Every structure is written in structure tokens, then in C-alpha cells.
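**Student:** Quick one, data.tsv (TSV, C-alpha atoms):
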```tsv
chain	number	residue	atom	x	y	z
A	1	MET	CA	33.35	-44.82	12.31
A	2	HIS	CA	29.95	-45.90	10.99
A	3	PRO	CA	27.57	-43.03	10.11
A	4	ARG	CA	24.90	-44.57	12.33
A	5	ASP	CA	27.27	-44.54	15.30
A	6	LEU	CA	28.23	-40.96	14.47
A	7	LEU	CA	24.56	-39.91	14.46
A	8	THR	CA	23.96	-41.73	17.75
A	9	GLU	CA	26.87	-39.95	19.40
A	10	ALA	CA	25.70	-36.56	18.09
A	11	VAL	CA	22.17	-37.08	19.40
A	12	ALA	CA	23.54	-38.26	22.73
A	13	GLY	CA	25.68	-35.12	22.94
A	14	LEU	CA	22.62	-32.92	22.39
A	15	LEU	CA	20.46	-34.79	24.90
A	16	ALA	CA	23.17	-34.73	27.53
A	17	ARG	CA	22.51	-31.00	28.02
A	18	PRO	CA	18.86	-30.52	27.00
A	19	VAL	CA	18.38	-27.02	28.46
A	20	ARG	CA	21.50	-25.67	26.82
A	21	SER	CA	20.55	-27.32	23.52
A	22	ALA	CA	17.05	-25.84	23.70
A	23	LEU	CA	18.35	-22.32	24.35
A	24	THR	CA	20.88	-22.70	21.54
A	25	THR	CA	18.12	-23.79	19.15
A	26	LEU	CA	15.98	-20.79	20.11
A	27	GLY	CA	18.03	-18.34	18.04
A	28	THR	CA	17.55	-20.41	14.89
A	29	VAL	CA	13.86	-20.87	15.67
A	30	LEU	CA	13.36	-17.10	15.89
A	31	GLY	CA	15.27	-16.45	12.67
A	32	ILE	CA	13.44	-19.10	10.62
A	33	THR	CA	10.08	-18.04	12.11
A	34	THR	CA	10.72	-14.44	11.07
A	35	LEU	CA	11.63	-15.47	7.53
A	36	VAL	CA	8.57	-17.71	7.09
A	37	VAL	CA	6.25	-15.10	8.60
A	38	THR	CA	7.79	-12.42	6.36
A	39	LEU	CA	7.16	-14.33	3.14
A	40	GLY	CA	3.69	-15.47	4.23
A	41	VAL	CA	2.47	-12.09	5.51
A	42	ALA	CA	3.91	-10.29	2.47
A	43	ALA	CA	2.12	-12.62	0.06
A	44	THR	CA	-1.10	-12.43	2.09
A	45	ALA	CA	-0.97	-8.63	2.35
A	46	GLY	CA	-0.29	-8.31	-1.37
A	47	ASN	CA	-3.22	-10.58	-2.15
A	48	GLN	CA	-5.37	-8.54	0.23
A	49	VAL	CA	-4.50	-5.36	-1.66
A	50	VAL	CA	-5.92	-6.93	-4.81
A	51	GLY	CA	-8.95	-8.36	-2.98
A	52	ARG	CA	-9.82	-5.08	-1.33
A	53	PHE	CA	-8.39	-2.70	-3.89
A	54	ASP	CA	-9.83	0.75	-3.46
A	55	GLU	CA	-12.88	0.73	-5.75
A	56	LEU	CA	-12.95	4.52	-5.78
A	57	THR	CA	-9.41	4.74	-7.19
A	58	ALA	CA	-9.90	1.80	-9.52
A	59	THR	CA	-12.91	3.41	-11.22
A	60	SER	CA	-11.66	7.00	-11.58
A	61	VAL	CA	-10.32	8.29	-14.89
A	62	THR	CA	-9.33	11.92	-15.42
A	63	VAL	CA	-8.65	13.55	-18.78
A	64	GLU	CA	-6.52	16.70	-18.59
A	65	VAL	CA	-7.22	19.24	-21.35
A	66	PRO	CA	-4.27	21.58	-21.95
A	67	ALA	CA	-4.66	25.22	-22.92
A	68	TYR	CA	-4.64	25.64	-26.70
A	69	PRO	CA	-5.41	28.44	-29.19
A	70	PHE	CA	-8.73	26.70	-29.82
A	71	PRO	CA	-10.86	24.61	-27.43
A	72	LEU	CA	-9.85	20.96	-27.64
A	73	VAL	CA	-12.94	19.77	-25.75
A	74	GLY	CA	-16.35	21.42	-25.73
A	75	TRP	CA	-18.92	21.26	-22.96
A	76	ALA	CA	-21.25	19.17	-25.11
A	77	ASP	CA	-18.50	16.67	-25.98
A	78	VAL	CA	-18.84	15.00	-22.59
A	79	SER	CA	-22.04	13.31	-23.76
A	80	ARG	CA	-19.97	11.21	-26.17
A	81	VAL	CA	-17.98	9.79	-23.26
A	82	THR	CA	-21.10	8.80	-21.35
A	83	ARG	CA	-22.13	6.63	-24.32
A	84	LEU	CA	-19.00	4.47	-23.97
A	85	ARG	CA	-19.63	1.04	-22.54
A	86	GLY	CA	-18.42	0.93	-18.94
A	87	VAL	CA	-18.88	4.63	-18.16
A	88	VAL	CA	-21.13	5.27	-15.16
A	89	ALA	CA	-20.96	9.07	-15.16
A	90	ALA	CA	-18.87	11.86	-16.63
A	91	ALA	CA	-18.61	15.62	-16.16
A	92	ALA	CA	-16.52	18.46	-17.54
A	93	LEU	CA	-14.82	20.90	-15.21
A	94	ALA	CA	-13.30	24.33	-15.86
A	95	GLU	CA	-10.73	25.91	-13.54
A	96	SER	CA	-8.48	28.92	-13.99
A	97	ASP	CA	-5.93	30.94	-12.07
A	98	ARG	CA	-8.24	33.96	-12.21
A	99	SER	CA	-10.99	32.14	-10.33
A	100	ALA	CA	-8.79	30.38	-7.77
A	101	ASN	CA	-9.16	33.06	-5.10
A	102	LEU	CA	-12.24	35.21	-5.60
A	103	VAL	CA	-14.02	37.17	-2.89
A	104	VAL	CA	-17.48	35.73	-2.25
A	105	ARG	CA	-20.04	37.00	0.24
A	106	SER	CA	-23.57	35.95	1.11
A	107	ASN	CA	-25.13	39.44	1.30
A	108	ASP	CA	-24.62	42.88	-0.16
A	109	VAL	CA	-24.67	44.70	3.19
A	110	VAL	CA	-21.32	45.85	4.55
A	111	ASP	CA	-21.31	45.08	8.29
A	112	PRO	CA	-18.12	46.29	10.06
A	113	ALA	CA	-18.87	43.98	13.01
A	114	ARG	CA	-18.86	40.78	10.91
A	115	VAL	CA	-16.54	39.15	8.43
A	116	THR	CA	-18.82	38.50	5.50
A	117	ASP	CA	-16.24	38.12	2.74
A	118	GLN	CA	-14.69	34.72	2.03
A	119	THR	CA	-11.92	33.91	-0.42
A	120	LEU	CA	-13.11	30.83	-2.29
A	121	THR	CA	-12.37	28.93	-5.48
A	122	VAL	CA	-14.91	29.38	-8.28
A	123	VAL	CA	-15.24	26.66	-10.94
A	124	SER	CA	-17.64	25.74	-13.73
A	125	SER	CA	-18.95	22.28	-14.49
A	126	SER	CA	-21.38	20.39	-16.65
A	127	PRO	CA	-24.62	19.14	-15.05
A	128	GLY	CA	-23.36	15.57	-14.36
A	129	LEU	CA	-20.77	16.56	-11.74
A	130	PRO	CA	-22.39	15.05	-8.57
A	131	ALA	CA	-22.41	11.53	-10.02
A	132	ALA	CA	-18.91	11.89	-11.47
A	133	VAL	CA	-17.41	12.87	-8.10
A	134	LYS	CA	-19.57	10.36	-6.17
A	135	GLY	CA	-21.25	13.09	-4.12
A	136	ARG	CA	-24.84	13.90	-3.24
A	137	MET	CA	-26.98	17.00	-2.98
A	138	ILE	CA	-27.42	17.80	0.71
A	139	GLU	CA	-29.73	20.71	-0.03
A	140	GLY	CA	-31.67	21.68	-3.15
A	141	ARG	CA	-30.67	20.45	-6.59
A	142	TYR	CA	-27.89	20.70	-9.14
A	143	PHE	CA	-28.28	22.90	-12.19
A	144	ASP	CA	-29.36	21.16	-15.38
A	145	ALA	CA	-29.17	21.72	-19.13
A	146	GLY	CA	-32.03	24.22	-18.95
A	147	HIS	CA	-30.09	26.49	-16.58
A	148	VAL	CA	-27.09	26.29	-18.90
A	149	ALA	CA	-29.09	27.00	-22.05
A	150	ARG	CA	-30.87	30.01	-20.52
A	151	GLY	CA	-27.68	31.38	-18.94
A	152	ASP	CA	-29.34	31.48	-15.50
A	153	ARG	CA	-27.23	33.07	-12.78
A	154	VAL	CA	-27.43	30.18	-10.37
A	155	VAL	CA	-24.77	28.55	-8.25
A	156	VAL	CA	-24.16	25.35	-6.29
A	157	LEU	CA	-22.00	25.56	-3.18
A	158	GLY	CA	-19.74	22.94	-1.74
A	159	GLN	CA	-20.71	21.91	1.78
A	160	GLN	CA	-17.78	23.69	3.42
A	161	ALA	CA	-18.25	26.80	1.28
A	162	ALA	CA	-21.91	26.99	2.35
A	163	ARG	CA	-20.84	26.72	6.00
A	164	LEU	CA	-18.26	29.51	5.57
A	165	LEU	CA	-20.84	31.76	3.95
A	166	GLY	CA	-23.40	31.05	6.68
A	167	ILE	CA	-25.97	29.48	4.37
A	168	THR	CA	-27.86	26.83	6.31
A	169	GLY	CA	-31.00	26.48	4.18
A	170	LEU	CA	-32.46	27.28	0.79
A	171	ASP	CA	-36.02	28.07	1.83
A	172	ARG	CA	-35.61	31.79	1.16
A	173	ALA	CA	-33.57	31.39	-2.04
A	174	PRO	CA	-30.35	32.89	-0.69
A	175	ALA	CA	-27.90	34.57	-3.02
A	176	VAL	CA	-24.14	34.95	-3.02
A	177	PHE	CA	-22.14	37.78	-4.54
A	178	ILE	CA	-19.01	37.14	-6.57
A	179	GLY	CA	-17.63	40.64	-6.89
A	180	THR	CA	-20.69	42.69	-7.87
A	181	ARG	CA	-22.62	39.87	-9.53
A	182	ALA	CA	-25.38	38.10	-7.60
A	183	TYR	CA	-26.13	34.39	-8.04
A	184	THR	CA	-29.01	32.41	-6.57
A	185	VAL	CA	-27.97	29.38	-4.55
A	186	ILE	CA	-30.00	26.39	-5.70
A	187	GLY	CA	-28.10	23.55	-4.04
A	188	VAL	CA	-25.38	22.40	-1.64
A	189	LEU	CA	-23.10	19.54	-2.75
A	190	GLY	CA	-21.53	17.31	-0.08
A	191	ASP	CA	-20.28	13.84	0.88
A	192	LEU	CA	-17.70	13.97	-1.88
A	193	ARG	CA	-15.68	10.79	-2.31
A	194	ARG	CA	-13.69	12.22	-5.22
A	195	GLU	CA	-12.37	15.75	-5.85
A	196	ARG	CA	-12.91	16.69	-2.23
A	197	SER	CA	-11.45	20.13	-2.87
A	198	LEU	CA	-14.83	21.01	-4.42
A	199	ALA	CA	-16.31	20.99	-0.89
A	200	SER	CA	-14.94	24.53	-0.46
A	201	ALA	CA	-15.72	25.70	-4.00
A	202	VAL	CA	-18.44	27.74	-5.68
A	203	ILE	CA	-19.71	25.87	-8.75
A	204	LEU	CA	-21.23	27.77	-11.67
A	205	PRO	CA	-22.86	26.63	-14.92
A	206	PRO	CA	-20.58	27.01	-17.97
A	207	THR	CA	-22.46	30.05	-19.29
A	208	ALA	CA	-22.27	31.84	-15.92
A	209	GLY	CA	-18.54	31.16	-15.47
A	210	ARG	CA	-17.29	32.93	-18.57
A	211	PRO	CA	-16.68	36.30	-16.84
A	212	TYR	CA	-14.13	34.53	-14.61
A	213	GLY	CA	-12.18	32.77	-17.35
A	214	LEU	CA	-14.12	29.52	-17.01
A	215	GLY	CA	-15.35	29.19	-20.56
A	216	SER	CA	-13.08	26.31	-21.64
A	217	VAL	CA	-12.99	22.77	-20.27
A	218	THR	CA	-9.76	21.98	-18.41
A	219	ARG	CA	-10.62	18.53	-17.05
A	220	VAL	CA	-13.07	15.72	-17.66
A	221	LEU	CA	-13.90	13.45	-14.73
A	222	VAL	CA	-15.09	9.96	-15.61
A	223	ASP	CA	-16.51	7.37	-13.24
A	224	THR	CA	-16.34	3.86	-14.68
A	225	ALA	CA	-17.59	0.42	-13.79
A	226	LEU	CA	-15.14	-1.75	-11.88
A	227	GLY	CA	-12.65	-3.21	-14.32
A	228	ALA	CA	-13.44	-0.83	-17.19
A	229	ALA	CA	-11.05	2.00	-16.28
A	230	GLU	CA	-8.18	0.79	-18.47
A	231	LEU	CA	-10.41	0.50	-21.53
A	232	ILE	CA	-12.09	3.89	-20.95
A	233	ALA	CA	-8.68	5.53	-20.46
A	234	ARG	CA	-7.81	4.50	-24.03
A	235	GLN	CA	-11.16	5.41	-25.58
A	236	ALA	CA	-12.03	8.68	-23.79
A	237	PRO	CA	-9.54	11.00	-25.59
A	238	THR	CA	-10.80	9.89	-29.01
A	239	ALA	CA	-14.43	10.32	-27.93
A	240	LEU	CA	-13.78	13.80	-26.53
A	241	SER	CA	-11.62	15.23	-29.29
A	242	PRO	CA	-11.31	13.10	-32.44
A	243	GLY	CA	-8.08	13.88	-34.23
A	244	ASN	CA	-6.59	15.66	-31.23
A	245	GLU	CA	-6.53	12.74	-28.79
A	246	ALA	CA	-2.72	12.83	-28.63
A	247	LEU	CA	-2.90	16.31	-27.06
A	248	LEU	CA	-4.99	15.12	-24.11
A	249	GLN	CA	-3.42	13.62	-21.03
A	250	VAL	CA	-5.21	10.71	-19.34
A	251	ILE	CA	-4.72	9.83	-15.68
A	252	SER	CA	-5.85	6.27	-15.12
A	253	PRO	CA	-5.79	4.20	-11.92
A	254	PRO	CA	-2.73	2.05	-11.20
A	255	SER	CA	-2.82	-1.68	-11.81
A	256	PRO	CA	-3.83	-3.72	-8.72
A	257	THR	CA	-1.12	-6.25	-9.60
A	258	ARG	CA	1.57	-3.57	-9.49
A	259	ALA	CA	0.22	-2.32	-6.18
A	260	ARG	CA	0.29	-5.86	-4.79
A	261	ASP	CA	3.88	-6.38	-5.96
A	262	ALA	CA	4.94	-3.07	-4.46
A	263	VAL	CA	3.38	-3.91	-1.07
A	264	GLU	CA	4.87	-7.39	-1.11
A	265	GLY	CA	8.30	-6.03	-2.04
A	266	ASP	CA	8.26	-3.40	0.71
A	267	VAL	CA	7.19	-5.89	3.38
A	268	ASN	CA	9.78	-8.42	2.21
A	269	ALA	CA	12.58	-5.86	2.23
A	270	LEU	CA	11.77	-4.83	5.80
A	271	PHE	CA	11.25	-8.20	7.43
A	272	LEU	CA	13.88	-10.15	5.50
A	273	ILE	CA	16.49	-7.94	7.13
A	274	LEU	CA	15.05	-8.75	10.55
A	275	GLY	CA	14.99	-12.44	9.70
A	276	LEU	CA	18.59	-12.46	8.50
A	277	VAL	CA	19.72	-10.61	11.63
A	278	SER	CA	17.92	-13.19	13.75
A	279	LEU	CA	19.62	-15.99	11.81
A	280	VAL	CA	23.02	-14.40	12.33
A	281	VAL	CA	22.32	-14.11	16.06
A	282	GLY	CA	21.24	-17.76	16.08
A	283	ALA	CA	24.40	-18.81	14.24
A	284	VAL	CA	26.60	-16.92	16.69
A	285	GLY	CA	24.75	-18.60	19.56
A	286	ILE	CA	25.27	-22.06	18.06
A	287	ALA	CA	28.97	-21.36	17.44
A	288	ASN	CA	29.47	-20.04	20.96
A	289	VAL	CA	27.71	-22.93	22.68
A	290	THR	CA	29.43	-25.51	20.47
A	291	LEU	CA	32.80	-23.99	21.30
A	292	VAL	CA	32.02	-24.08	25.01
A	293	THR	CA	30.94	-27.71	24.62
A	294	VAL	CA	34.25	-28.54	22.95
A	295	MET	CA	36.20	-27.00	25.84
A	296	GLU	CA	34.09	-28.91	28.36
A	297	ARG	CA	34.62	-32.24	26.57
A	298	VAL	CA	38.37	-32.07	26.12
A	299	ALA	CA	38.88	-35.28	28.12
A	300	GLU	CA	36.28	-37.08	26.01
A	301	ILE	CA	37.97	-35.91	22.81
A	302	GLY	CA	41.35	-37.10	24.09
A	303	LEU	CA	39.94	-40.51	25.04
A	304	ARG	CA	38.31	-40.93	21.62
A	305	ARG	CA	41.55	-40.02	19.85
A	306	ALA	CA	43.51	-42.44	22.07
A	307	LEU	CA	41.08	-45.23	21.18
A	308	GLY	CA	41.65	-44.68	17.47
A	309	ALA	CA	39.22	-41.94	16.38
A	310	ALA	CA	40.65	-39.87	13.52
A	311	ARG	CA	40.53	-36.08	13.32
A	312	ARG	CA	37.75	-36.27	10.74
A	313	HIS	CA	35.63	-38.36	13.14
A	314	ILE	CA	35.91	-35.71	15.89
A	315	ALA	CA	35.17	-32.89	13.43
A	316	ALA	CA	32.21	-34.79	11.94
A	317	GLN	CA	30.73	-35.45	15.40
A	318	PHE	CA	30.65	-31.77	16.40
A	319	LEU	CA	29.58	-30.64	12.94
A	320	LEU	CA	26.70	-33.08	13.08
A	321	GLU	CA	25.66	-31.81	16.52
A	322	SER	CA	25.58	-28.18	15.35
A	323	THR	CA	23.80	-29.18	12.13
A	324	LEU	CA	21.15	-31.11	14.07
A	325	THR	CA	20.68	-28.08	16.32
A	326	GLY	CA	20.07	-25.87	13.28
A	327	LEU	CA	17.82	-28.46	11.65
A	328	ILE	CA	15.62	-28.75	14.73
A	329	GLY	CA	15.46	-24.97	14.93
A	330	GLY	CA	14.45	-24.79	11.26
A	331	VAL	CA	11.63	-27.32	11.70
A	332	LEU	CA	10.30	-25.58	14.81
A	333	GLY	CA	10.70	-22.15	13.23
A	334	ALA	CA	8.83	-23.15	10.05
A	335	SER	CA	6.00	-24.63	12.12
A	336	ALA	CA	5.81	-21.55	14.33
A	337	GLY	CA	5.86	-19.26	11.28
A	338	ILE	CA	2.94	-21.06	9.66
A	339	LEU	CA	0.96	-20.88	12.90
A	340	VAL	CA	1.66	-17.14	13.20
A	341	ILE	CA	0.51	-16.52	9.61
A	342	VAL	CA	-2.71	-18.47	10.14
A	343	GLY	CA	-3.32	-16.66	13.43
A	344	VAL	CA	-2.82	-13.19	11.91
A	345	CYS	CA	-5.12	-14.04	9.01
A	346	ALA	CA	-7.76	-15.39	11.39
A	347	VAL	CA	-7.70	-12.18	13.44
A	348	LYS	CA	-7.77	-9.93	10.34
A	349	GLN	CA	-10.24	-12.19	8.51
A	350	TRP	CA	-7.85	-12.54	5.59
A	351	THR	CA	-7.28	-15.51	3.33
A	352	PRO	CA	-3.80	-16.89	4.18
A	353	VAL	CA	-1.43	-17.17	1.22
A	354	LEU	CA	1.76	-19.16	1.78
A	355	ASP	CA	4.20	-20.60	-0.72
A	356	VAL	CA	5.11	-24.17	0.14
A	357	GLY	CA	8.70	-23.67	-1.04
A	358	PRO	CA	9.92	-21.43	1.82
A	359	ALA	CA	8.21	-23.62	4.44
A	360	VAL	CA	9.92	-26.75	3.05
A	361	LEU	CA	13.32	-25.08	2.63
A	362	ALA	CA	13.27	-23.50	6.11
A	363	PRO	CA	14.63	-26.64	7.87
A	364	VAL	CA	17.37	-26.88	5.21
A	365	ALA	CA	18.29	-23.25	5.86
A	366	GLY	CA	18.44	-23.96	9.60
A	367	ALA	CA	20.71	-26.96	9.00
A	368	VAL	CA	23.04	-24.88	6.80
A	369	VAL	CA	23.22	-22.18	9.48
A	370	GLY	CA	24.08	-24.82	12.09
A	371	LEU	CA	26.70	-26.38	9.80
A	372	LEU	CA	28.43	-23.06	9.16
A	373	ALA	CA	28.27	-22.10	12.84
A	374	GLY	CA	29.90	-25.38	13.90
A	375	LEU	CA	32.86	-25.25	11.49
A	376	TYR	CA	35.31	-23.44	13.77
A	377	PRO	CA	34.49	-25.36	16.96
A	378	ALA	CA	34.69	-28.67	15.06
A	379	LEU	CA	38.06	-27.82	13.54
A	380	ARG	CA	39.37	-26.76	16.94
A	381	ALA	CA	38.25	-30.04	18.46
A	382	ALA	CA	39.84	-32.03	15.61
A	383	ARG	CA	43.22	-30.32	16.08
A	384	MET	CA	43.57	-31.41	19.72
A	385	GLU	CA	46.44	-33.81	20.40
A	386	PRO	CA	45.41	-36.92	22.41
A	387	VAL	CA	48.24	-36.58	24.96
A	388	ASN	CA	47.49	-32.92	25.70
A	389	ALA	CA	43.76	-33.62	25.89
A	390	LEU	CA	44.20	-36.52	28.32
A	391	ARG	CA	46.60	-34.50	30.46
```
Please render this file's structure as C-alpha cells.

**Tutor:**
Amino acid sequence: MHPRDLLTEAVAGLLARPVRSALTTLGTVLGITTLVVTLGVAATAGNQVVGRFDELTATSVTVEVPAYPFPLVGWADVSRVTRLRGVVAAAALAESDRSANLVVRSNDVVDPARVTDQTLTVVSSSPGLPAAVKGRMIEGRYFDAGHVARGDRVVVLGQQAARLLGITGLDRAPAVFIGTRAYTVIGVLGDLRRERSLASAVILPPTAGRPYGLGSVTRVLVDTALGAAELIARQAPTALSPGNEALLQVISPPSPTRARDAVEGDVNALFLILGLVSLVVGAVGIANVTLVTVMERVAEIGLRRALGAARRHIAAQFLLESTLTGLIGGVLGASAGILVIVGVCAVKQWTPVLDVGPAVLAPVAGAVVGLLAGLYPALRAARMEPVNALR
């Protein structure tokens, strides 16, 4: 049997029942579409993570200063970090277990009818904190080097802490009491984009925080220019504590490439399973319909065998029909997948990223699925005896 005649017979068999052939192809179309969409959306989403990588995270470097018999980092050492190329702002921060839950009140009058005491966190910082945490002064000002040098008993409240203490303005120079010590409120810090826990904190100058165990620096917050975080993460420990840089722990932002790969891997793992399930369903559909077609065409098979067709000719005809069904489904599925990717990217205003390889191999995958699905029905058709088939 000439291959051209075999192909003609297979196409004629498909076109003889167009509705059934279309429904059979649908399973493969859905499976291939899901696979193409999975790979395209995963690559596009991963690229989008890099394109819109969180600038706040990508420019934040934190240096942890462990407790040691002697101070590893002094309050004045932060100025050496700010001189590094790529540093936008830096500030030292002191926290301790003793100051984590201190009773703070906004007046010294005990009123049984009102709850005036609030349990708040008290910290100390260097003057550059607002810029380092990307915040702004909602009221008043932040303390400066003069307040620190004079040991002024001033305080800056986080926005939430000011609300809890009932301080709505600084016109009358309100004071807060930490235990029995009074501090003048000179500013309210808010709109924090980093270290948002400071919104409910009471912030003291380094000299004023010593009674609460806040004399030593525990962290240094560094805000860098975009792209400079990796370099600053290597240089900051040496700038802060030369000779002891190995004792400091640096927390630097993750690589955008690793984040992209992680997102792409997660999306692929999820949707590839769905695509493979759809392909299996499509293969079962092709096998079922091909088997039904074989049973319906028993007389035709018997007549072909009686006229001289060999078993391999019968098997090849039905294998070719199932393979063509899978191939058509792969072509339609790849086309539909590309259209879906472009549509999603148009709606989300993303730049579509699609590897040509999966789109080209999708029809081949559909043909292989059709070939495997048609093996059993084709073998069953080839085993029919001409006399039994004609009877």
C-alpha cells in the first residue's frame, strides 16, 4: 500500500465523521494549550518579577551587631558607612529586652477614669533614622547631633504610639513619661516603608536611652541606591568595625534572578501537572473514539483484508488516523496557547516572553499522544480475521 494512499484513507476516515473527530481532538487541544500557556506565563511572570522587583527590598541592607564584651560598633561609626559609594542613608538602632515593654504615659496625673498608661517599645537611634527607614516627619522634627551631644531629654514618637498616647499636636510641647522620667516630644515619625514596627515605638537619642539598656548599637539600617546593595553588603561590616567584620551579620536583599527562577519554577510545577492531566484525558478520548471507530468499521476492515490488505496496512491506517488527530490538536493547542499568553499580557500590560521551542514541539507532542493512544485500537483492528469480519 503506497504511503500516499494510506494518508488519503486516513484523512478520509477523519472527515467521514467530522463532529466526532473535532470532539476527539478537543482533549489534545486543551492539554497542549495548557502546556504552552504554562511555559509562557511562567516565563513572563518570572521576567515581570525582575522588571518590577520590589525596589524597597532591593535597596535595604541590615547589619546585625551581636552582643559582645566590648561595643563592636559605635554610634559615630555609622558616618563611615554613609561615605560609601551607593549609600543613600544609614542609621544605627539600639534595642534591648529591657526596653521592649515599658510603661509610657502622656501626663503625670493619675486619672482613675482613664487609661493613661501604654506598654510600648522604647528604642534609641542615630539622627539619620527617618531617611534610612524611608519615613517622614508628620509633626515636628527629628533630633539631631546637637540633642545627642547635649544629652537633651527629647523623644520622637511613632505615628501609632502618638495616637495611643493621645498626642495630636506639638504646639504646647507635650511630654511623655517613661517610668518617672519626663521627655519632651519634638516629633512624630510616620509613613514608614521599612521597619514598620517603629510606628508603635518611642525613639530616644543614644544619650537618653542609656538608662534603659540602649547604650550599644544592635543594628545598622542602610538604604542603598538601586543595584548597589550587594556591594554595600560586602563593604559595610569593614566600614563599621575594621578588624571585627567577621563578627557582624549582614542581611542583604535576595537576587532578582533567584526570585524569578523560584516564581517560574512554582508556576511550572503547578500548571505542568494540569497540562499533563489534560493530555492524559485527551489520549484516553482518542483511544476510546478510535476503538469505537474500529468496531463500527468491522465490515470495511474485512473487505480490505479480503482484497489483499495486510495486517500492517490496517494497523498503519488506524495509527495514522489517531496520529493525525493528535497532530491537529497539537497545532490548534499551540496556537490557542500563544493567543492566551498574548491576551493575558495585553490585559496586565506585561511584555510577553515565550520560548519558541515549546510552541514548535507542541504539535509533535500532540502527534505522539495520538500515536500512543491509537496503538491498542490499531492492533485490535489488525488482528481481525477477514472471514469473521465479513460475516

**Student:** Restricting the calculation to only C-alpha atoms: of A:Leu93, A:Leu371, A:Ala381, A:Val360, which residue gets closest to Glu296 (chain A)?

**Tutor:** A:Ala381

**Student:** Could you tell me how far CA of Leu379 (chain A) sits from CA of Ala315 (chain A), in Å to one decimal place?

**Tutor:**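 Computing the Euclidean distance for CA of Ala315 (chain A) and CA of Leu379 (chain A) yields 5.8 Å.
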
**Student:** Measure the distance from CA of Ala94 (chain A) to CA of Gly213 (chain A) in Å and round it to one decimal.

**Tutor:** 8.6 Å

**Student:** With distances taken over all atoms listed in the file, which of A:Arg105, A:His147, A:Arg141, A:Arg83 is nearest to Ile167 (chain A)?

**Tutor:**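 Going through A:Arg105, A:His147, A:Arg141, A:Arg83 one by one, the smallest distance to Ile167 (chain A) is for A:Arg105.
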
**Student:** Which one of A:Arg80, A:Arg17, A:Arg196, A:Arg85 sits closest to Gln160 (chain A) if you count all atoms listed in the file?

**Tutor:**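 Of A:Arg80, A:Arg17, A:Arg196, A:Arg85, the one nearest Gln160 (chain A) is A:Arg196, counting all atoms listed in the file.
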
**Student:** Between CA of Val222 (chain A) and CA of Arg136 (chain A), what is the distance in Å, rounded to a tenth?

**Tutor:**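 Atom-to-atom, CA of Val222 (chain A) to CA of Arg136 (chain A), that is 16.2 Å.
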
**Student:** From the options A:Gly333, A:Ala306, A:Ser241, A:Cys345, which residue's atoms come nearest to Leu361 (chain A), counting all atoms listed in the file?

**Tutor:** A:Gly333

**Student:** Using only C-alpha atoms, which residue out of A:Val185, A:Val217, A:Val298, A:Ala201 lies closest to Thr121 (chain A)?

**Tutor:**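 Nearest to Thr121 (chain A): A:Ala201.
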
**Student:** Just want the 9 Å neighbourhood of Thr119 (chain A), counted on only C-alpha atoms, with same-chain residues fewer than 3 positions away dropped. Output as JSON, numbers by chain.

**Tutor:** {"A": [100, 101, 102, 103, 104, 105]}
